[in-house]
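Reproduced below: start_14.csv, with CSV, C-alpha atoms.
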```csv
chain,number,residue,atom,x,y,z
A,1,MET,CA,68.3,-182.7,-139.9
A,2,ASN,CA,66.1,-179.8,-138.7
A,3,ILE,CA,67.8,-177.3,-136.6
A,4,ALA,CA,65.5,-175.3,-134.2
A,5,ASN,CA,65.7,-171.5,-134.3
A,6,SER,CA,66.8,-169.3,-131.5
A,7,ALA,CA,63.3,-168.9,-130.1
A,8,GLY,CA,62.9,-172.7,-129.7
A,9,ASN,CA,60.4,-173.1,-132.5
A,10,CYS,CA,60.8,-175.5,-135.3
A,11,PRO,CA,60.7,-174.4,-138.9
A,12,GLY,CA,57.3,-176.1,-139.5
A,13,CYS,CA,55.7,-174.3,-136.6
A,14,LEU,CA,57.1,-171.0,-137.9
A,15,ALA,CA,55.6,-171.6,-141.4
A,16,TYR,CA,52.2,-172.4,-139.8
A,17,ALA,CA,52.3,-169.3,-137.7
A,18,GLN,CA,53.1,-167.1,-140.8
A,19,ARG,CA,50.2,-168.6,-142.8
A,20,HIS,CA,47.8,-168.1,-139.9
A,21,THR,CA,48.9,-164.5,-139.6
A,22,ALA,CA,48.4,-163.8,-143.3
A,23,GLU,CA,44.9,-165.3,-143.2
A,24,GLN,CA,43.8,-163.0,-140.3
A,25,PRO,CA,45.2,-159.5,-141.0
A,26,GLN,CA,45.7,-157.4,-137.9
A,27,THR,CA,45.3,-153.7,-137.6
A,28,TYR,CA,47.9,-151.9,-135.6
A,29,VAL,CA,46.5,-148.8,-133.9
A,30,GLY,CA,47.8,-146.7,-131.1
A,31,PRO,CA,46.5,-146.9,-127.6
A,32,ARG,CA,43.9,-144.5,-126.3
A,33,PRO,CA,45.4,-141.4,-124.7
A,34,GLY,CA,45.8,-141.9,-120.9
A,35,LEU,CA,45.2,-145.7,-121.0
A,36,ALA,CA,48.3,-147.2,-122.5
A,37,ILE,CA,51.7,-147.1,-120.9
A,38,PRO,CA,54.2,-145.2,-123.1
A,39,ILE,CA,56.8,-148.0,-123.0
A,40,GLU,CA,54.3,-150.6,-124.2
A,41,GLY,CA,54.4,-149.3,-127.8
A,42,LEU,CA,51.7,-150.3,-130.3
A,43,THR,CA,48.8,-152.6,-129.4
A,44,ILE,CA,47.4,-155.1,-131.8
A,45,LYS,CA,43.7,-154.7,-130.8
A,46,GLU,CA,41.9,-151.8,-129.2
A,47,GLU,CA,38.9,-152.3,-127.0
A,48,SER,CA,35.7,-151.0,-128.7
A,49,THR,CA,33.5,-148.9,-126.4
A,50,PHE,CA,30.1,-147.3,-126.9
A,51,PRO,CA,29.7,-144.5,-124.4
A,52,MET,CA,26.2,-143.4,-123.4
A,53,ASP,CA,26.9,-139.8,-124.3
A,54,THR,CA,27.5,-140.5,-128.0
A,55,GLN,CA,24.7,-138.8,-130.1
A,56,ASN,CA,23.0,-140.9,-132.7
A,57,PRO,CA,23.4,-138.9,-136.0
A,58,SER,CA,20.4,-140.5,-137.5
A,59,ALA,CA,18.0,-139.5,-134.8
A,60,PRO,CA,15.9,-136.3,-135.4
A,61,SER,CA,16.9,-133.2,-133.5
A,62,ARG,CA,13.3,-132.6,-132.4
A,63,ALA,CA,10.0,-134.2,-132.9
A,64,PRO,CA,8.2,-132.9,-136.0
A,65,GLY,CA,5.4,-130.5,-135.4
A,66,ARG,CA,1.8,-131.0,-136.5
A,67,ILE,CA,1.0,-130.0,-140.1
A,68,PRO,CA,-1.4,-127.0,-140.2
A,69,ALA,CA,-4.8,-127.7,-141.6
A,70,ASP,CA,-4.4,-125.3,-144.5
A,71,VAL,CA,-1.2,-126.9,-145.8
A,72,PRO,CA,-1.8,-129.8,-148.3
A,73,ARG,CA,-0.6,-133.3,-147.2
A,74,ALA,CA,1.2,-133.8,-150.5
A,75,GLY,CA,2.5,-131.7,-153.4
A,76,ILE,CA,4.1,-128.4,-153.4
A,77,VAL,CA,3.8,-125.8,-150.7
A,78,HIS,CA,4.2,-122.2,-151.7
A,79,GLU,CA,6.0,-119.7,-149.6
A,80,HIS,CA,5.0,-116.3,-151.0
A,81,VAL,CA,6.7,-112.9,-150.3
A,82,ARG,CA,5.0,-109.8,-151.7
A,83,HIS,CA,7.1,-108.1,-154.4
A,84,GLU,CA,7.5,-104.3,-154.0
A,85,SER,CA,9.6,-103.6,-157.1
A,86,HIS,CA,11.3,-105.4,-160.1
A,87,PHE,CA,8.5,-107.8,-160.9
A,88,THR,CA,6.5,-108.8,-163.9
A,89,VAL,CA,2.8,-109.9,-164.0
A,90,VAL,CA,2.5,-113.1,-166.1
A,91,GLY,CA,-0.8,-114.8,-166.8
A,92,ASN,CA,-1.3,-118.5,-166.0
A,93,HIS,CA,-2.4,-119.1,-169.5
A,94,LEU,CA,1.3,-118.8,-170.4
A,95,ALA,CA,3.0,-120.2,-167.3
A,96,GLN,CA,0.7,-123.3,-167.3
A,97,HIS,CA,0.2,-123.6,-171.0
A,98,ARG,CA,-0.4,-127.3,-171.9
A,99,GLU,CA,0.9,-127.2,-175.5
A,100,LEU,CA,4.0,-125.1,-175.1
A,101,SER,CA,7.3,-126.6,-174.2
A,102,GLY,CA,9.1,-125.6,-171.0
A,103,LEU,CA,11.7,-123.7,-173.0
A,104,ALA,CA,9.0,-121.8,-174.8
A,105,ILE,CA,7.3,-120.9,-171.6
A,106,GLY,CA,10.5,-119.7,-170.1
A,107,LEU,CA,11.4,-117.6,-173.1
A,108,GLY,CA,7.9,-116.2,-173.1
A,109,VAL,CA,8.2,-115.1,-169.5
A,110,HIS,CA,11.7,-113.7,-170.1
A,111,ILE,CA,10.6,-111.7,-173.2
A,112,GLN,CA,7.6,-110.2,-171.3
A,113,SER,CA,9.9,-109.1,-168.5
A,114,LEU,CA,12.2,-107.1,-170.9
A,115,PRO,CA,11.8,-103.4,-171.4
A,116,ALA,CA,10.6,-102.0,-174.7
A,117,GLY,CA,13.4,-101.8,-177.3
A,118,ALA,CA,15.3,-104.9,-176.0
A,119,ARG,CA,16.7,-107.3,-178.6
A,120,VAL,CA,15.1,-110.7,-178.7
A,121,ASP,CA,16.6,-112.3,-181.8
A,122,VAL,CA,17.9,-115.8,-181.8
A,123,ARG,CA,21.6,-114.8,-181.4
A,124,THR,CA,20.9,-112.5,-178.5
A,125,LEU,CA,18.9,-115.2,-176.7
A,126,ALA,CA,21.4,-117.9,-177.4
A,127,ALA,CA,24.1,-115.7,-175.9
A,128,ARG,CA,21.9,-115.3,-172.8
A,129,PHE,CA,20.8,-118.9,-172.3
A,130,PRO,CA,22.7,-122.2,-172.5
A,131,GLU,CA,20.3,-123.6,-175.1
A,132,GLY,CA,21.6,-123.5,-178.7
A,133,THR,CA,20.2,-121.4,-181.5
A,134,THR,CA,18.2,-124.4,-182.9
A,135,ARG,CA,16.2,-125.0,-179.7
A,136,ILE,CA,15.7,-121.3,-179.1
A,137,ALA,CA,14.5,-120.7,-182.7
A,138,ALA,CA,12.0,-123.7,-182.3
A,139,ALA,CA,10.7,-122.2,-179.0
A,140,LEU,CA,10.2,-118.8,-180.6
A,141,ARG,CA,8.2,-120.4,-183.4
A,142,GLU,CA,6.0,-122.0,-180.7
A,143,LEU,CA,5.4,-118.7,-179.1
A,144,GLU,CA,4.6,-117.2,-182.5
A,145,ALA,CA,2.2,-120.0,-183.4
A,146,HIS,CA,0.2,-119.5,-180.1
A,147,GLY,CA,0.1,-115.7,-180.5
A,148,TYR,CA,2.6,-114.7,-177.8
A,149,LEU,CA,4.9,-113.2,-180.5
A,150,ARG,CA,4.1,-111.4,-183.6
A,151,ARG,CA,6.5,-110.1,-186.3
A,152,GLU,CA,5.6,-107.0,-188.2
A,153,ARG,CA,7.5,-105.4,-191.1
A,154,HIS,CA,7.7,-101.7,-191.4
A,155,ARG,CA,9.3,-99.5,-194.0
A,156,THR,CA,11.6,-96.8,-192.6
A,157,PRO,CA,11.7,-93.2,-194.0
A,158,ASP,CA,14.9,-94.1,-195.9
A,159,GLY,CA,13.1,-97.0,-197.8
A,160,ARG,CA,14.5,-99.9,-195.8
A,161,VAL,CA,12.2,-102.7,-194.5
A,162,ARG,CA,12.7,-103.7,-190.9
A,163,THR,CA,11.1,-106.5,-188.9
A,164,ARG,CA,9.7,-105.6,-185.5
A,165,THR,CA,8.8,-108.2,-182.8
A,166,VAL,CA,5.7,-107.6,-180.8
A,167,SER,CA,5.2,-109.4,-177.5
A,168,CYS,CA,1.5,-110.1,-176.5
A,169,ASN,CA,0.9,-110.9,-172.9
A,170,ARG,CA,-2.7,-111.9,-173.7
A,171,PRO,CA,-3.1,-113.2,-177.2
A,172,GLY,CA,-6.4,-112.3,-178.9
A,173,ALA,CA,-7.2,-109.5,-176.5
A,174,THR,CA,-7.6,-105.9,-177.6
A,175,PRO,CA,-4.8,-103.9,-176.2
A,176,HIS,CA,-5.8,-100.8,-174.3
A,177,PRO,CA,-3.7,-97.7,-174.3
A,178,GLU,CA,-1.9,-97.2,-171.1
A,179,PRO,CA,-3.4,-94.3,-169.1
A,180,THR,CA,-1.2,-91.4,-169.1
A,181,ARG,CA,-0.9,-89.6,-165.8
A,182,PRO,CA,-1.7,-85.9,-166.1
A,183,ARG,CA,1.3,-83.7,-165.5
A,184,ARG,CA,1.1,-81.7,-162.5
A,185,LYS,CA,1.3,-78.0,-163.2
A,186,PRO,CA,4.0,-76.2,-161.2
A,187,ARG,CA,2.6,-74.4,-158.3
A,188,THR,CA,2.7,-70.7,-158.8
A,189,ALA,CA,2.4,-68.2,-156.0
A,190,LYS,CA,-1.1,-66.7,-155.7
A,191,PRO,CA,-1.2,-63.0,-156.1
A,192,LEU,CA,-1.8,-61.2,-152.8
A,193,THR,CA,-4.9,-59.0,-152.9
A,194,VAL,CA,-4.5,-55.9,-150.7
A,195,PRO,CA,-6.3,-52.6,-150.7
A,196,HIS,CA,-4.5,-49.8,-152.6
A,197,PRO,CA,-4.2,-46.2,-151.4
A,198,GLU,CA,-6.4,-43.6,-153.1
A,199,HIS,CA,-3.5,-41.3,-153.6
A,200,ARG,CA,0.1,-41.9,-154.5
A,201,PRO,CA,1.9,-42.4,-151.2
A,202,SER,CA,4.9,-40.2,-150.2
A,203,PRO,CA,8.2,-41.9,-149.7
A,204,THR,CA,7.9,-41.3,-146.0
A,205,THR,CA,4.6,-43.0,-145.7
A,206,LEU,CA,5.7,-46.0,-147.8
A,207,GLN,CA,8.8,-46.4,-145.7
A,208,ALA,CA,6.7,-46.3,-142.6
A,209,ALA,CA,4.5,-49.1,-144.0
A,210,THR,CA,7.6,-51.2,-144.9
A,211,ASP,CA,9.1,-50.8,-141.5
A,212,LEU,CA,5.8,-51.8,-139.8
A,213,LEU,CA,5.7,-55.0,-141.8
A,214,ALA,CA,9.4,-55.8,-141.3
A,215,GLY,CA,9.0,-55.5,-137.6
A,216,LEU,CA,6.0,-57.9,-137.2
A,217,HIS,CA,8.3,-60.8,-136.3
A,218,ARG,CA,9.0,-59.1,-133.0
A,219,ALA,CA,5.4,-59.6,-132.0
A,220,ASP,CA,5.2,-63.2,-133.4
A,221,ALA,CA,8.1,-65.0,-135.0
A,222,ARG,CA,5.6,-66.8,-137.3
A,223,LEU,CA,5.0,-63.4,-139.1
A,224,THR,CA,8.5,-63.3,-140.6
A,225,LEU,CA,8.1,-62.0,-144.2
A,226,SER,CA,10.4,-62.0,-147.2
A,227,ARG,CA,11.4,-58.9,-149.0
A,228,ARG,CA,9.1,-59.7,-151.9
A,229,ASP,CA,6.1,-60.2,-149.6
A,230,THR,CA,6.9,-57.0,-147.7
A,231,GLU,CA,6.9,-55.0,-151.0
A,232,ARG,CA,3.5,-56.5,-152.0
A,233,LEU,CA,1.8,-55.9,-148.7
A,234,ALA,CA,3.1,-52.3,-148.2
A,235,PRO,CA,0.4,-50.6,-150.3
A,236,GLY,CA,-2.3,-52.2,-148.1
A,237,VAL,CA,-0.7,-50.8,-144.9
A,238,VAL,CA,-0.5,-47.4,-146.6
A,239,ALA,CA,-4.3,-47.6,-147.3
A,240,TRP,CA,-4.8,-48.1,-143.6
A,241,LEU,CA,-2.5,-45.2,-142.6
A,242,GLU,CA,-4.5,-42.9,-145.0
A,243,ARG,CA,-7.6,-43.6,-142.8
A,244,ASP,CA,-6.1,-41.7,-139.9
A,245,LEU,CA,-4.7,-44.8,-138.1
A,246,THR,CA,-1.5,-44.8,-136.3
A,247,PRO,CA,1.2,-47.5,-137.0
A,248,ALA,CA,0.6,-48.9,-133.5
A,249,ALA,CA,-3.1,-49.4,-134.3
A,250,VAL,CA,-2.3,-51.1,-137.6
A,251,ARG,CA,0.2,-53.4,-135.9
A,252,HIS,CA,-2.3,-54.4,-133.3
A,253,ALA,CA,-5.0,-55.2,-136.0
A,254,LEU,CA,-2.5,-57.4,-137.8
A,255,THR,CA,-1.1,-59.4,-134.8
A,256,ARG,CA,-4.1,-59.9,-132.6
A,257,ASP,CA,-6.0,-63.2,-132.2
A,258,LEU,CA,-3.4,-65.3,-134.1
A,259,PRO,CA,-3.9,-69.1,-134.0
A,260,GLU,CA,-2.1,-70.6,-131.1
A,261,GLY,CA,-0.1,-73.9,-131.0
A,262,ARG,CA,0.3,-74.4,-134.7
A,263,PRO,CA,2.5,-72.9,-137.4
A,264,ILE,CA,1.3,-70.3,-139.9
A,265,ARG,CA,1.8,-71.8,-143.4
A,266,SER,CA,1.7,-68.5,-145.3
A,267,PRO,CA,2.0,-65.4,-143.2
A,268,ALA,CA,1.8,-63.2,-146.2
A,269,ALA,CA,-1.6,-64.6,-147.2
A,270,LEU,CA,-2.8,-64.2,-143.6
A,271,LEU,CA,-1.8,-60.5,-143.5
A,272,ALA,CA,-3.2,-59.8,-146.9
A,273,HIS,CA,-6.6,-61.2,-145.8
A,274,ARG,CA,-6.6,-59.1,-142.7
A,275,LEU,CA,-5.6,-56.0,-144.5
A,276,THR,CA,-8.5,-56.5,-147.0
A,277,ALA,CA,-11.2,-57.9,-144.7
A,278,ASN,CA,-10.7,-55.6,-141.8
A,279,LEU,CA,-10.1,-52.3,-143.7
A,280,PRO,CA,-11.7,-49.5,-141.7
A,281,PRO,CA,-14.0,-47.0,-143.4
A,282,ARG,CA,-12.8,-43.7,-144.7
A,283,PRO,CA,-12.9,-40.8,-142.2
A,284,PRO,CA,-15.5,-38.1,-142.8
A,285,ALA,CA,-14.4,-35.3,-145.1
A,286,PHE,CA,-14.0,-31.7,-143.6
A,287,ARG,CA,-17.1,-29.6,-144.0
A,288,THR,CA,-17.7,-25.8,-143.7
A,289,PRO,CA,-19.9,-25.2,-140.7
A,290,ALA,CA,-23.4,-24.1,-141.6
A,291,PRO,CA,-24.4,-20.4,-140.8
A,292,PRO,CA,-26.5,-19.9,-137.7
A,293,ALA,CA,-30.2,-19.7,-138.3
A,294,PRO,CA,-31.6,-16.1,-138.5
A,295,VAL,CA,-33.2,-14.7,-135.3
A,296,ARG,CA,-37.0,-14.4,-135.5
A,297,HIS,CA,-38.1,-11.3,-133.4
A,298,PRO,CA,-41.6,-11.0,-132.0
A,299,LEU,CA,-44.3,-8.7,-133.5
A,300,HIS,CA,-44.9,-5.2,-132.3
A,301,ASN,CA,-47.2,-2.3,-133.3
A,302,CYS,CA,-45.6,0.9,-134.4
A,303,ASP,CA,-46.3,3.8,-132.1
A,304,THR,CA,-46.5,6.2,-135.0
A,305,CYS,CA,-48.4,4.4,-137.8
A,306,ASP,CA,-49.8,1.5,-135.7
A,307,ARG,CA,-48.4,-1.0,-138.2
A,308,ALA,CA,-47.1,-4.4,-137.1
A,309,TYR,CA,-43.5,-5.1,-137.4
A,310,ARG,CA,-40.9,-7.5,-136.0
A,311,GLY,CA,-38.1,-6.2,-133.9
A,312,PRO,CA,-36.2,-6.8,-130.8
A,313,GLU,CA,-38.0,-3.9,-129.0
A,314,ALA,CA,-41.3,-2.1,-129.2
A,315,GLY,CA,-41.4,1.4,-130.6
A,316,HIS,CA,-41.3,2.7,-134.1
A,317,CYS,CA,-41.3,0.5,-137.2
A,318,PRO,CA,-38.3,0.6,-139.6
A,319,GLY,CA,-40.3,2.9,-142.0
A,320,CYS,CA,-41.1,5.5,-139.4
A,321,ARG,CA,-37.5,5.4,-138.1
A,322,THR,CA,-36.1,6.4,-141.5
A,323,ALA,CA,-38.9,8.9,-142.4
A,324,PRO,CA,-37.9,12.5,-142.0
A,325,ARG,CA,-39.7,14.3,-139.3
```

As a first step, turn the structure in this file into structure tokens.
Amino acid sequence: MNIANSAGNCPGCLAYAQRHTAEQPQTYVGPRPGLAIPIEGLTIKEESTFPMDTQNPSAPSRAPGRIPADVPRAGIVHEHVRHESHFTVVGNHLAQHRELSGLAIGLGVHIQSLPAGARVDVRTLAARFPEGTTRIAAALRELEAHGYLRRERHRTPDGRVRTRTVSCNRPGATPHPEPTRPRRKPRTAKPLTVPHPEHRPSPTTLQAATDLLAGLHRADARLTLSRRDTERLAPGVVAWLERDLTPAAVRHALTRDLPEGRPIRSPAALLAHRLTANLPPRPPAFRTPAPPAPVRHPLHNCDTCDRAYRGPEAGHCPGCRTAPR
């Protein structure tokens, strides 16, 4: 005899409902916020909605622009940026070599980028790259076979034989010695040429010349001189003072007609040029005045001997004056 359960369902109906539920699994999800009543608990099925504001992730963000005419339709497109430093010039005969392997080409470019004296043996390269010593040794033999590497043996002064590896960036070409830049000679100050005084100046005159040069900056700040320039220009000022010129006249000759609106690169050179080019002539030396010309009297006839003579007055000639009477 079958006894019904408390829900009023028979055992057969209960078994059917359990099988039907197992065949169609249900997903228990929570209600959407704001739509379900809190006391309702879990819901078996949630309504699926497709709002209009949901963005399609597969749609492009914007329409693709037109391809420029100079860009190829297919293949690689280069984006070049000019190198200003830390770059190596490599020929396409190596970068696009048809017989070398990719590892050999890469090692060739790496070796050409190294500074002189860097180690390029198999162990050093194997420690630098992930390839093993066998593959690196094979790539080095490829480079050597095509002329990009050359091994030379040299005997050192102590009698040992050492092997030196030479990298050739253009196999078969004659290497040209790199031009050496001529070393710039250090600039030396040009000697200032100034006139020298004819006589050894006195300490007073030399001090007056030094004070004149040291005070030129008061007339123009661009004429500020160093102590060394003042000492070299002082003999030229003394030569001007020897020519009967006052310090004020010398100062005016050195400071007049200066260039306006631009700096004076070398005030000492400018003053040395003016002292030399505008040197006044020597004053005339003192001369003894010439004696006055003798007075030439008119001719007269002597009253005694009737001879002609020159004298300031007519009368007797000098012979008749001194003759005893």

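Atom CA of Pro284 of chain A is found 12.2 Å from atom CA of Glu242 of chain A.
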
Mind checking which residues fall within 12 Å of His146 of chain A, counting all atoms listed in the file, ignoring those fewer than 6 positions away in the same chain, and posting them as a VMD selection string? chain A and resid 93 to 94 97 to 101 104 to 105 108 139 to 140 167 to 172

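Checking A:Arg160, A:Val166, A:Gln96, A:Leu299 one by one against Ile111 of chain A, counting all atoms listed in the file, you find the shortest gap at A:Val166.
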
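Omitting His316 of chain A and its sequence neighbours fewer than 4 positions away, and counting only C-alpha atoms, the residues within 12 Å are Leu299, His300, Asn301, Cys302, Asp303, Thr304, Cys305, Asp306, Arg307, Ala308, Tyr309, Arg310, Gly311, Pro312, Cys320, Arg321, Thr322 and Ala323 of chain A.
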
Residues near segment 82-88 of chain A, cut-off 10 Å, all atoms listed in the file, skip fewer than 6 positions along chain, as JSON, numbers by chain: {"A": [109, 110, 112, 113, 114]}

With 12 Å as the threshold, what does the neighbourhood of (-0.5, -62.0, -145.3) contain in terms of residues, counting only C-alpha atoms? Coordinates are those of the file; answer as a VMD selection string. chain A and resid 190 to 194 213 216 222 to 226 228 to 234 236 to 237 254 to 255 264 to 277

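Separating atom CA of Arg150 of chain A from atom CA of Gly91 of chain A is a distance of 17.8 Å.
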
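The smallest atom-to-atom distance between Arg282 of chain A and any of A:Ala239, A:Ala219, A:Leu143, A:Cys317, using all atoms listed in the file, is found for A:Ala239.
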
Hey, what's within 12 Å of Pro203 of chain A if we count only C-alpha atoms and toss same-chain stuff fewer than 3 positions away? As a VMD selection string, please? chain A and resid 200 206 to 210 234 to 235 238

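The smallest atom-to-atom distance between Pro197 of chain A and any of A:Leu125, A:Leu279, A:Arg153, A:Arg251, using all atoms listed in the file, is found for A:Leu279.
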
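Across the structure, atom CA of Val122 of chain A and atom CA of Thr156 of chain A are spaced 22.7 Å apart.
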